[in-house]
Structure formats: structure tokens, C-alpha cells
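Below is one structure; the comments refer to it alone.
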Amino acid sequence: MIKKAAFILATAAIILSLLTGCGSNNVVATVNGEPITKSEFQKELNAQISSIESSQGKQDWSAQYQGQKLGDSLKTVVLESLILQKLQLQQAKKEGITVTNQEVNEKVDEQIALYETYAGGKDTFDKMLKDQKMSRNKLAAQLRDTYKKLLLIQKLQQKLTANVTVTEAEEKNYYDTHKLEFKPDTVTASHILVNDEKTAEEVEQKLKKGADFAQLAKEYSIDTATKDNGGDLGTFTYGQMDPDFEKAAFALKPGEISQPVKTKFGYHIIKVTDKKIMPQQSFNQVKEEIRNKLLTQKKQSEYQKILNQWRKNAKIVKNQSVIDSVKVESK
């Protein structure tokens with residue numbers, strides 16, 4: 001569930017990023033001769049910054065990350081995404097793919113309705129727009145451009161992967177090797193996530209002495225999405241969490257607290273508050289679900305191969321001086 005406050009912040013940030021669409025037409029790169037302008041690049045960069053900071057807090061974009069500034073790493077990712085988008089739109093044009101105004105407008109209306117719902121109503125959302133000096137018409141126009149591109153790319157993917165199929169043998173093999181996914185047990189849990197084993201052991205000792213789990217989560221946890229709620233993760237089933245975390249959580253009884261559990265995210269201390277054991281679902285019960293999942297995976301894999309080939313064959317020219325001139329700043 002998207003928390004209302006976070007959604008409002010994210011929405012406001014997105015709206016703010018849309019305001020950067022005008023300005024210099026300096027070119028940061030060309031893709032088969034078609035330009036990606038500085039203003040396009042800055043707009044998408046701002047949108048990504050806003051999205052990251054609305055969920056993770058302000059970032060130091062000048063900090064070093066894997067040998068380069070965090071902001072420069074983000075620039076690389078954003079520019080590559082724009083290059084791939086441009087390649088797909090070029091291919092959609094070659095394939096004669098089009099979208100109607102009705103298709104686009106339906107998506108825009110759905111998105112604006114979603115904004116209104118999570119903002120707390122139409123009036124609240126209108127106030128947000130006013131505060132950002134953004135009109136509904138301008139927002140809708142920006143969204144129409146976004147959804148037109150998205151729908152063109154979706155139709156391209158569908159056309160080029162239409163012949164991908166899944167056999168019953170593949171479905172059965174997936175079921176046999178992923179049976180826990182189809183045993184809908186649930187666990188309700190909280191966790192405290194820390195960076196290192198020493199801190200995890202410190203937290204563990206405090207818990208053994210009777211310290212409050214929720215309070216320690218607020219003090220120690222580096223999981224910004226859950227720490228203020230005492231580490232509450234809600235309810236989850238098999239296949240939704242990191243495998244090592246999941247194994248530890250499902251091994252606990254309600255009320256029990258785990259020893260430190262190491263995952264790629266750090267060290268977790270897990271507290272289970274509720275657990276429900278359910279019967280194993282049969283292959284026939286989940287066959288369609290498996291087929292849809294495998295079909296999606298195979299289509300994505302096939303399309304990625306095609307996209308990689310387009311990228312390999314494309315003539316990409318980057319203007320590094322213009323790229324360097326684009327600022328990465330907190331919004």
C-alpha cells in the first residue's frame with residue numbers, strides 16, 4: 001500500500017519535474033541521427049531524483065559510488081534509458097505501430113484519478129497543482145506524451161513476441177521446482193536491518209535484556225521504509241522476500257525473534273507476530289498462473305535480446321560536454 005504522505009510527495013516531485021520540459025535544445029546524444037535534447041535529459045533526470053528522494057530522503061549526489069560520483073552514475077543510467085526508449089520508438093515507427101487518442105486519454109484519465117485518490121481528493125490534488133504552478137491541462141499534456149510513448153513500446157513488445165509460447169512440460173517443471181510458492185502460508189513480521197554483524201549483535205543483546213523491538217527498530221534500522229513503524233513489514237508469503245530472510249522468518253513461531261540473519265541488504269533481526277499455515281495448492285489449481293508468469297518471463301527475455309541487438313547496431317553519438325553541464329541536484 002502506498003502511504004498517502006509519501007505518494008503526495010512523490011506526485012508533487014513528478015509534477016515539479018515536468019516543469020523543466022522547456023529550455024535549451026542542446027543535444028546530449030543522437031540515436032541513429034535523432035537527438036536527445038538537454039531539456040529532455042534534464043527532465044528525466046529530475047524525475048528520477050525526485051522519485052528517489054521522495055522514498056529515500058535527500059541524497060548527496062556528489063558522494064563517490066563505485067569509483068564515480070553518485071550523480072554521474074545516475075546520469076549514465078538515465079541517458080541509457082532515453083537511448084533505449086528512442087530506439088524502441090524508432091522501431092515502432094518502422095513497424096507501422098500507432099496508438100489512438102482514445103487509448104492515450106484513457107490512460108491519462110486513470111493516472112489523474114489515481115493521483116486524486118492518493119492525494120486525498122480532487123480539491124487536495126488541485127491545491128497541489130496550484131502550489132506547483134501547474135494546470136490540469138498542462139499536466140494532462142505531459143502525461144499524454146508519456147503514455148503515448150509507453151503504449152507504442154508496449155504494442156511493439158507485443159508484436160515482436162507474439163509467437164512466444166510455454167509448454168505444459170515447462171509449467172510442470174516450474175511447479176515441481178517452486179512448490180513453496182504455491183503453499184500460501186503467510187507470516188506477519190517486523191525487522192531491524194543494520195549494516196554490520198557487530199551492530200546486529202548489539203541489538204540482539206538489548207532484545208535479550210527486554211528492550212522494546214519497535215523502539216530499537218526506530219533507533220537502529222537502516223530500512224527507512226519501515227523503521228518509523230517499528231520495522232513493520234506487514235504480511236507476506238513465500239517468494240516475496242530475500243530467500244535467506246524468508247527461510248528464517250517462516251522458521252519462527254509467533255512471538256519469536258531470530259538471531260541476526262545475513263542477506264545482500266545487511267543483517268536482519270526478525271520478529272514474527274503472526275503465522276498462518278495453508279494447504280499445498282495442486283498443479284491444476286495454479287497452472288494458469290504459472291503459464292502467465294513463464295510467458296511473461298520468456299517474452300521479456302526474447303524482447304531484451306532484440307533490444308540488445310538494436311542497441312549494438314545503433315549509431316550512438318554522445319556529447320560529453322553537454323552531459324557534463326547538466327546538474328544533478330536535490331529538488
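Order determines the names: the first chain of the C-alpha cells is A, the second B, and so forth; residues in each chain are numbered 1 upward, and ligands are numbered 1 upward as they are shown.
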
key: Within 10 Å of Ser325 (chain A) using only C-alpha atoms, minus same-chain residues under 4 positions, as a PyMOL selection string   = chain A and resi 28+38+320-321

Find the nearest atom pair between each residue of region 207-243 of chain A and region 169-193 of chain A for residues within 6 Å, count only C-alpha atoms, give distances in Å to one decimal, sort rows by chain and ascending number, and present the table as a tab-separated table.
```
residue	atom	partner	partner_atom	distance
A:Ala217	CA	A:Ile192	CA	5.0
A:Ser221	CA	A:Leu193	CA	4.7
A:Ile222	CA	A:Leu193	CA	5.6
A:Gly231	CA	A:Ser190	CA	4.8
A:Asp232	CA	A:Ser190	CA	4.2
A:Leu233	CA	A:Ser190	CA	5.1
A:Gly234	CA	A:Thr188	CA	5.4
A:Thr235	CA	A:Thr188	CA	4.1
A:Phe236	CA	A:Thr186	CA	5.5
A:Thr237	CA	A:Thr186	CA	4.7
A:Tyr238	CA	A:Glu181	CA	5.3
A:Gly239	CA	A:Glu181	CA	5.8
```

Produce a file of the selected residues containing N, CA and C atoms, as a PDB file, in the first residue's frame.
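Output file part-v8.pdb follows:
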```
ATOM      1  N   ALA A 217      14.040  -0.698  16.491  1.00  0.00           N
ATOM      2  CA  ALA A 217      13.944  -0.526  15.041  1.00  0.00           C
ATOM      3  C   ALA A 217      14.056   0.953  14.685  1.00  0.00           C
ATOM      4  N   SER A 221      17.507   0.693  12.815  1.00  0.00           N
ATOM      5  CA  SER A 221      17.268   0.156  11.471  1.00  0.00           C
ATOM      6  C   SER A 221      17.647   1.149  10.377  1.00  0.00           C
ATOM      7  N   ILE A 222      18.270   0.623   9.326  1.00  0.00           N
ATOM      8  CA  ILE A 222      18.611   1.457   8.165  1.00  0.00           C
ATOM      9  C   ILE A 222      17.556   1.328   7.068  1.00  0.00           C
ATOM     10  N   GLY A 231       9.650  -1.164  12.303  1.00  0.00           N
ATOM     11  CA  GLY A 231      10.156  -2.252  11.472  1.00  0.00           C
ATOM     12  C   GLY A 231       9.081  -3.117  10.851  1.00  0.00           C
ATOM     13  N   ASP A 232       7.823  -2.680  10.933  1.00  0.00           N
ATOM     14  CA  ASP A 232       6.695  -3.495  10.456  1.00  0.00           C
ATOM     15  C   ASP A 232       6.775  -3.744   8.949  1.00  0.00           C
ATOM     16  N   LEU A 233       6.798  -5.020   8.576  1.00  0.00           N
ATOM     17  CA  LEU A 233       6.840  -5.422   7.166  1.00  0.00           C
ATOM     18  C   LEU A 233       5.487  -5.866   6.647  1.00  0.00           C
ATOM     19  N   GLY A 234       4.500  -5.949   7.539  1.00  0.00           N
ATOM     20  CA  GLY A 234       3.194  -6.439   7.130  1.00  0.00           C
ATOM     21  C   GLY A 234       3.207  -7.945   6.949  1.00  0.00           C
ATOM     22  N   THR A 235       2.290  -8.429   6.133  1.00  0.00           N
ATOM     23  CA  THR A 235       2.133  -9.868   5.905  1.00  0.00           C
ATOM     24  C   THR A 235       2.655 -10.240   4.523  1.00  0.00           C
ATOM     25  N   PHE A 236       3.382 -11.350   4.437  1.00  0.00           N
ATOM     26  CA  PHE A 236       3.930 -11.787   3.159  1.00  0.00           C
ATOM     27  C   PHE A 236       3.883 -13.306   3.039  1.00  0.00           C
ATOM     28  N   THR A 237       4.026 -13.780   1.813  1.00  0.00           N
ATOM     29  CA  THR A 237       4.014 -15.212   1.524  1.00  0.00           C
ATOM     30  C   THR A 237       5.381 -15.631   0.986  1.00  0.00           C
ATOM     31  N   TYR A 238       5.512 -16.916   0.673  1.00  0.00           N
ATOM     32  CA  TYR A 238       6.749 -17.410   0.074  1.00  0.00           C
ATOM     33  C   TYR A 238       6.997 -16.714  -1.266  1.00  0.00           C
ATOM     34  N   GLY A 239       8.267 -16.424  -1.530  1.00  0.00           N
ATOM     35  CA  GLY A 239       8.642 -15.853  -2.818  1.00  0.00           C
ATOM     36  C   GLY A 239       8.640 -14.343  -2.874  1.00  0.00           C
TER      37      GLY A 239
END
```

key: Contact residues around Gln297 (chain A) with only C-alpha atoms at 12 Å, ignoring same-chain residues under 6 positions, as a PyMOL selection string   = chain A and resi 161+164-166+290-291+303-304

message = To test your reading of the structure, identify every residue in region 105-195 of chain A that backbone DSSP assigns to alpha helix (DSSP H), and report it as a ChimeraX atom specification.
response = /A:105-119,122-131,136-160,168-177

With a cut-off of 9 Å, could you pull out the residues of region 229-331 of chain A touching region 66-84 of chain A and give me the nearest pair of atoms for each, distance in Å to one decimal, using only C-alpha atoms, ordered by chain and ascending number, as a tab-separated table?
```
residue	atom	partner	partner_atom	distance
A:Leu307	CA	A:Leu84	CA	7.7
A:Trp310	CA	A:Leu84	CA	8.7
A:Arg311	CA	A:Leu84	CA	7.2
A:Ile316	CA	A:Ile83	CA	8.2
A:Ile323	CA	A:Lys75	CA	8.0
A:Asp324	CA	A:Asp72	CA	8.5
A:Val326	CA	A:Lys75	CA	8.7
A:Lys327	CA	A:Gly71	CA	8.4
A:Val328	CA	A:Gly71	CA	5.6
A:Glu329	CA	A:Gly71	CA	8.2
```

Dump of N, CA and C atoms for the selected residues, as a PDB file, in the first residue's frame:
```
ATOM      1  N   LEU A 307      16.202  -6.049 -28.213  1.00  0.00           N
ATOM      2  CA  LEU A 307      16.594  -4.688 -27.839  1.00  0.00           C
ATOM      3  C   LEU A 307      18.117  -4.559 -27.769  1.00  0.00           C
ATOM      4  N   TRP A 310      19.396  -4.183 -31.264  1.00  0.00           N
ATOM      5  CA  TRP A 310      19.178  -2.814 -31.769  1.00  0.00           C
ATOM      6  C   TRP A 310      20.240  -1.874 -31.209  1.00  0.00           C
ATOM      7  N   ARG A 311      20.494  -2.033 -29.908  1.00  0.00           N
ATOM      8  CA  ARG A 311      21.478  -1.164 -29.245  1.00  0.00           C
ATOM      9  C   ARG A 311      22.866  -1.371 -29.846  1.00  0.00           C
ATOM     10  N   ILE A 316      25.216   5.615 -32.039  1.00  0.00           N
ATOM     11  CA  ILE A 316      25.003   6.482 -30.876  1.00  0.00           C
ATOM     12  C   ILE A 316      26.166   7.459 -30.784  1.00  0.00           C
ATOM     13  N   ILE A 323      26.533  16.754 -21.587  1.00  0.00           N
ATOM     14  CA  ILE A 323      26.165  15.857 -20.484  1.00  0.00           C
ATOM     15  C   ILE A 323      26.760  16.367 -19.176  1.00  0.00           C
ATOM     16  N   ASP A 324      28.027  16.763 -19.216  1.00  0.00           N
ATOM     17  CA  ASP A 324      28.699  17.254 -18.009  1.00  0.00           C
ATOM     18  C   ASP A 324      28.075  18.542 -17.486  1.00  0.00           C
ATOM     19  N   VAL A 326      24.964  19.264 -17.352  1.00  0.00           N
ATOM     20  CA  VAL A 326      23.668  19.017 -16.712  1.00  0.00           C
ATOM     21  C   VAL A 326      23.886  18.772 -15.225  1.00  0.00           C
ATOM     22  N   LYS A 327      23.159  19.497 -14.392  1.00  0.00           N
ATOM     23  CA  LYS A 327      23.343  19.409 -12.949  1.00  0.00           C
ATOM     24  C   LYS A 327      22.453  18.339 -12.327  1.00  0.00           C
ATOM     25  N   VAL A 328      23.010  17.667 -11.336  1.00  0.00           N
ATOM     26  CA  VAL A 328      22.254  16.696 -10.542  1.00  0.00           C
ATOM     27  C   VAL A 328      22.112  17.291  -9.150  1.00  0.00           C
ATOM     28  N   GLU A 329      20.909  17.763  -8.836  1.00  0.00           N
ATOM     29  CA  GLU A 329      20.679  18.457  -7.570  1.00  0.00           C
ATOM     30  C   GLU A 329      19.393  17.978  -6.918  1.00  0.00           C
TER      31      GLU A 329
END
```

task = Could you jot down the CA of Tyr147 (chain A) to CA of Ala47 (chain A) separation for me, Å, one decimal place?
result =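 Distance between the two atoms: 15.4 Å.
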
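Interatomic distance, CA of Gly255 (chain A) to CA of Phe213 (chain A): 11.1 Å.
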
query = region 151-199 of chain A: which residues are strand (DSSP E or B) by DSSP, as a list in words?
reply =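 Matching residues for strand (DSSP E or B) in region 151-199 of chain A are Thr186, Val187, Thr188, Ala189, Ser190, His191, Ile192, Leu193 and Val194 of chain A.
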
message = Let me make sure I understand: among A:Lys208, A:Arg136, A:Lys312, A:Lys318, which one has the smallest atom-to-atom distance to Ala113 (chain A) if we use only C-alpha atoms?
response =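 Looking at the shortest contact to Ala113 (chain A), the residue is A:Arg136.
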
Quick one: residues within 9 Å of Gln215 (chain A), only C-alpha atoms counted, chain neighbours fewer than 6 positions away excluded, as a tab-separated table (two decimals) with N, CA and C atoms, in the first residue's frame?
```tsv
chain	number	residue	atom	x	y	z
A	227	LYS	N	11.38	1.66	9.43
A	227	LYS	CA	11.90	1.93	10.78
A	227	LYS	C	10.95	2.77	11.63
A	228	ASP	N	10.31	3.77	11.02
A	228	ASP	CA	9.43	4.64	11.79
A	228	ASP	C	8.16	3.94	12.25
A	230	GLY	N	8.33	0.91	13.51
A	230	GLY	CA	8.83	-0.17	14.35
A	230	GLY	C	9.33	-1.37	13.58
```
